[in-house]
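So this block is input-v2.txt, compact mmCIF, C-alpha atoms:
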# COMPACT_ATOMS: atom_id res chain seq x y z
CA MET A 1 78.00 116.83 82.78
CA SER A 2 76.88 116.05 86.31
CA SER A 3 77.31 112.95 88.36
CA VAL A 4 75.47 111.71 91.40
CA HIS A 5 77.61 110.54 94.28
CA GLN A 6 76.15 108.22 96.85
CA PRO A 7 77.52 108.65 100.37
CA CYS A 8 79.90 105.92 101.47
CA ARG A 9 78.67 103.98 104.48
CA LEU A 10 81.36 102.41 106.62
CA PRO A 11 79.55 101.18 109.73
CA VAL A 12 81.46 99.53 112.53
CA VAL A 13 79.66 96.32 113.41
CA ALA A 14 82.12 94.84 115.88
CA TYR A 15 85.31 95.90 117.57
CA GLU A 16 87.56 93.66 119.66
CA PRO A 17 90.82 95.00 121.06
CA LEU A 18 93.21 92.24 122.04
CA SER A 19 96.59 92.90 123.58
CA VAL A 20 98.82 89.93 124.29
CA LEU A 21 102.35 89.65 125.64
CA LEU A 22 104.75 87.79 123.37
CA ALA A 23 105.21 85.15 126.06
CA ASP A 24 101.45 84.41 125.98
CA VAL A 25 101.06 83.96 122.21
CA ASP A 26 101.73 80.21 122.29
CA ALA A 27 98.92 79.70 124.82
CA LEU A 28 96.60 81.76 122.61
CA ARG A 29 97.70 79.72 119.58
CA THR A 30 96.52 76.46 121.18
CA ALA A 31 93.51 77.84 123.11
CA ALA A 32 90.00 76.62 122.44
CA ASP A 33 87.87 78.63 120.03
CA PRO A 34 85.67 81.23 121.77
CA GLU A 35 82.11 79.96 122.22
CA GLY A 36 79.85 81.24 119.46
CA SER A 37 82.65 81.90 116.95
CA PRO A 38 83.44 79.88 113.82
CA PRO A 39 85.77 77.01 114.74
CA LEU A 40 89.24 76.91 113.27
CA PRO A 41 90.62 73.76 111.66
CA LYS A 42 92.72 71.80 114.13
CA ARG A 43 96.32 73.12 114.34
CA PHE A 44 95.45 75.97 111.94
CA LEU A 45 97.60 78.49 113.84
CA ARG A 46 100.55 76.12 114.32
CA HIS A 47 102.92 77.94 111.93
CA ALA A 48 101.24 81.36 111.93
CA ASP A 49 103.28 84.38 113.00
CA GLU A 50 102.46 86.07 116.30
CA GLN A 51 100.38 88.91 114.82
CA SER A 52 98.26 86.48 112.79
CA VAL A 53 97.48 84.45 115.92
CA VAL A 54 96.34 87.55 117.79
CA ALA A 55 94.34 88.84 114.79
CA VAL A 56 92.47 85.57 114.26
CA ARG A 57 91.61 85.30 117.95
CA ALA A 58 90.45 88.95 118.07
CA VAL A 59 88.12 88.44 115.08
CA GLN A 60 86.82 85.20 116.63
CA ARG A 61 85.97 87.08 119.83
CA ALA A 62 84.24 89.82 117.86
CA LEU A 63 82.23 87.23 115.89
CA ALA A 64 81.25 85.47 119.12
CA ALA A 65 79.59 88.70 120.28
CA LEU A 66 77.48 88.97 117.10
CA PRO A 67 74.23 87.08 116.64
CA ALA A 68 74.96 84.31 114.11
CA ALA A 69 76.87 86.43 111.60
CA ASP A 70 77.41 85.09 108.09
CA CYS A 71 80.81 86.39 107.00
CA SER A 72 81.24 84.31 103.88
CA ARG A 73 80.97 87.40 101.64
CA HIS A 74 83.22 89.60 103.77
CA GLY A 75 86.69 90.87 102.94
CA VAL A 76 89.69 91.31 105.23
CA ILE A 77 92.14 94.20 105.37
CA ALA A 78 95.13 93.68 107.63
CA ALA A 79 97.38 96.57 108.57
CA PRO A 80 100.16 95.20 110.78
CA CYS A 81 103.15 97.41 111.46
CA GLN A 82 105.57 94.59 112.26
CA ALA A 83 104.32 91.68 110.19
CA GLY A 84 106.55 88.63 110.45
CA ARG A 85 109.53 90.45 111.93
CA ILE A 86 110.12 88.00 114.77
CA ALA A 87 109.86 84.93 112.52
CA SER A 88 111.96 86.59 109.82
CA SER A 89 114.77 87.50 112.21
CA ARG A 90 114.72 83.97 113.63
CA THR A 91 114.92 82.56 110.07
CA LEU A 92 117.82 84.82 109.10
CA ALA A 93 119.72 83.74 112.21
CA GLN A 94 119.07 80.06 111.41
CA TYR A 95 120.20 80.59 107.81
CA ALA A 96 123.40 82.29 108.93
CA ALA A 97 124.18 79.48 111.37
CA GLY A 98 123.22 76.42 109.34
CA GLY A 99 122.54 77.36 105.73
CA GLY A 100 119.46 76.87 103.59
CA VAL A 101 118.51 73.45 104.95
CA THR A 102 117.66 75.04 108.32
CA VAL A 103 115.09 77.45 106.85
CA SER A 104 111.42 76.49 106.85
CA THR A 105 109.39 76.91 103.69
CA HIS A 106 106.57 78.24 105.90
CA ILE A 107 108.31 81.61 106.31
CA VAL A 108 106.89 83.15 103.12
CA PRO A 109 103.18 82.25 103.45
CA GLN A 110 103.11 82.57 107.25
CA ALA A 111 105.15 85.74 107.90
CA SER A 112 104.51 88.10 104.98
CA LEU A 113 102.46 91.30 104.98
CA HIS A 114 99.43 89.44 103.62
CA ALA A 115 99.69 86.50 106.05
CA LEU A 116 97.56 88.16 108.72
CA ALA A 117 94.66 88.89 106.33
CA ALA A 118 94.93 85.45 104.74
CA ALA A 119 94.85 83.70 108.13
CA VAL A 120 91.67 85.53 109.13
CA SER A 121 90.07 85.01 105.72
CA VAL A 122 90.90 81.32 105.28
CA GLY A 123 90.51 80.31 108.92
CA LEU A 124 87.10 81.92 109.33
CA GLY A 125 85.67 81.24 105.87
CA MET A 126 85.57 84.77 104.50
CA HIS A 127 85.58 84.62 100.70
CA GLY A 128 85.89 88.32 99.88
CA PRO A 129 89.15 90.11 99.02
CA SER A 130 92.06 89.64 101.43
CA LEU A 131 94.61 92.46 101.56
CA GLY A 132 97.70 93.33 103.56
CA VAL A 133 98.47 97.05 103.66
CA GLY A 134 100.92 99.28 105.47
CA GLY A 135 103.78 97.58 107.18
CA GLY A 136 105.10 100.65 108.96
CA PRO A 137 104.31 103.07 111.80
CA GLN A 138 101.17 104.42 110.07
CA ALA A 139 99.79 100.99 109.15
CA LEU A 140 96.40 101.40 110.84
CA HIS A 141 95.83 104.76 109.14
CA GLU A 142 96.65 103.14 105.79
CA GLY A 143 94.26 100.30 106.60
CA LEU A 144 91.43 102.72 107.40
CA LEU A 145 92.10 104.59 104.17
CA THR A 146 91.98 101.32 102.22
CA ALA A 147 88.75 100.29 103.96
CA THR A 148 87.16 103.62 103.06
CA ALA A 149 88.25 103.30 99.42
CA LEU A 150 86.88 99.73 99.17
CA ALA A 151 83.70 100.20 101.21
CA ASP A 152 81.36 99.96 98.23
CA THR A 153 83.05 97.00 96.51
CA PRO A 154 80.38 95.03 94.59
CA GLY A 155 79.70 91.59 96.05
CA VAL A 156 81.39 92.33 99.38
CA GLU A 157 78.91 92.65 102.22
CA GLY A 158 81.39 93.77 104.87
CA TRP A 159 85.03 94.32 105.71
CA TRP A 160 87.13 93.27 108.67
CA LEU A 161 90.06 95.56 109.44
CA GLY A 162 92.86 94.45 111.72
CA GLY A 163 95.85 96.51 112.73
CA GLU A 164 97.83 98.11 115.47
CA ARG A 165 97.13 101.56 116.86
CA ALA A 166 100.80 102.37 117.28
CA CYS A 167 104.07 100.68 116.54
CA ARG A 168 106.31 101.05 119.52
CA ARG A 169 109.98 101.46 118.95
CA ALA A 170 112.63 100.39 121.38
CA PRO A 171 114.03 103.34 123.32
CA ALA A 172 117.12 104.81 121.70
CA ARG A 173 120.33 103.88 123.42
CA ARG A 174 122.66 106.63 124.43
CA ARG A 175 126.12 106.49 122.94
CA GLY A 176 128.24 104.25 125.13
CA ALA A 177 125.32 103.00 127.23
CA GLY A 178 125.59 99.40 128.33
CA ARG A 179 129.30 99.02 127.57
CA GLN A 180 131.78 97.74 130.07
CA PRO A 181 134.82 99.93 130.63
CA GLY A 182 137.61 98.84 128.32
CA CYS A 183 135.38 96.64 126.11
CA ASP A 184 135.65 96.99 122.35
CA PRO A 185 132.14 96.80 120.78
CA ARG A 186 133.50 95.42 117.47
Would it be possible to restate this file's structure as structure tokens?
Amino acid sequence: MSSVHQPCRLPVVAYEPLSVLLADVDALRTAADPEGSPPLPKRFLRHADEQSVVAVRAVQRALAALPAADCSRHGVIAAPCQAGRIASSRTLAQYAAGGGVTVSTHIVPQASLHALAAAVSVGLGMHGPSLGVGGGPQALHEGLLTATALADTPGVEGWWLGGERACRRAPARRRGAGRQPGCDPR
């Protein structure tokens, strides 16, 4: 028994690196849509986590560089390595301080692994599959592997992959560093 394998084509149509300091995310959240990109609904990014804001704006910039692209049959693969961590830590601190009434119901849909892909897909009118993959230091590699596996999905004309090249960890603290003499860390 023999089978014929067609080569998988995974062309890169657009690429838009976007690096933003955490302090600048709020300005990016409320910025005007790039000229030539699909417009977002007003206040669409209001509750989105920081990585979703950056991802949506990066895809908008990439779309603005393309000549009138129709992405309605495209899918989105998001491979964030720190999805929702800032919002989740803020929510846990609020819960500890004030109980359940202080926690927003937006935390689940806006700060989960799939939130980044969903924000790009819904905000920009892409009706193909929307997946969140990874979630750790090798997230972008896992996203590329997923994109390769799904490249020939019937009915999907293209894929958008978003992720981080590297997850940076905070430098390890040396034992005793930062303590005042005579202070008890407990």
ask   = Looking at A:Asp26, A:Asp152, A:Glu16, A:Asp49, which one is nearest to A:Leu116, with distances taken over all atoms listed in the file?
value = A:Asp49
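When atom CA of A:Val103 is paired with atom CA of A:Ala31, their separation reads 27.0 Å.
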message = Please compute the atom CA of A:His47-atom CA of A:Ala115 distance, one decimal, in Å.
response =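 Taking atom CA of A:His47 and atom CA of A:Ala115, their separation equals 10.9 Å.
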key: Residues near A:Arg57, cut-off 12 Å, all atoms listed in the file, skip fewer than 3 positions along chain, as a PyMOL selection string   = chain A and resi 16-20+25+27-35+37-40+44-45+50-54+60-64+116+119-120+123-124+162
ask   = When you draw a straight line from atom CA of A:Val133 to atom CA of A:Ala151, how long is it in Å?
value = 15.3 Å
Best match for closeness to A:His106 among A:Ala48, A:Trp159, A:Ala147, A:Pro41, counting only C-alpha atoms = A:Ala48
ask   = So, counting only C-alpha atoms, which residue among A:Ala149, A:Asp24, A:Pro129, A:His114 is closest to A:Pro80?
value =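 Closest candidate: A:His114.
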ask   = Please, which residues are within 10 Å of (80.5, 85.2, 104.3) by the file's coordinates, counting only C-alpha atoms, and could they come as a list in words?
value =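 Here the neighbourhood of the point contains Ala69, Asp70, Cys71, Ser72, Arg73, His74, Gly75, Ser121, Leu124, Gly125, Met126, His127, Gly128, Val156, Glu157 and Gly158 of chain A.
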Nearest residue to A:Glu142 from the set A:Gly100, A:Gly155, A:Ala93, A:Gly163 (distances using only C-alpha atoms) =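 Nearest to A:Glu142: A:Gly163.
For the point (102.0, 106.5, 109.4), the residues with an atom at a distance of at most 12 Å are Ala79, Pro80, Cys81, Val133, Gly134, Gly135, Gly136, Pro137, Gln138, Ala139, Leu140, His141, Glu142, Gly143, Leu144, Leu145, Glu164, Arg165, Ala166 and Cys167 of chain A, counting all atoms listed in the file.
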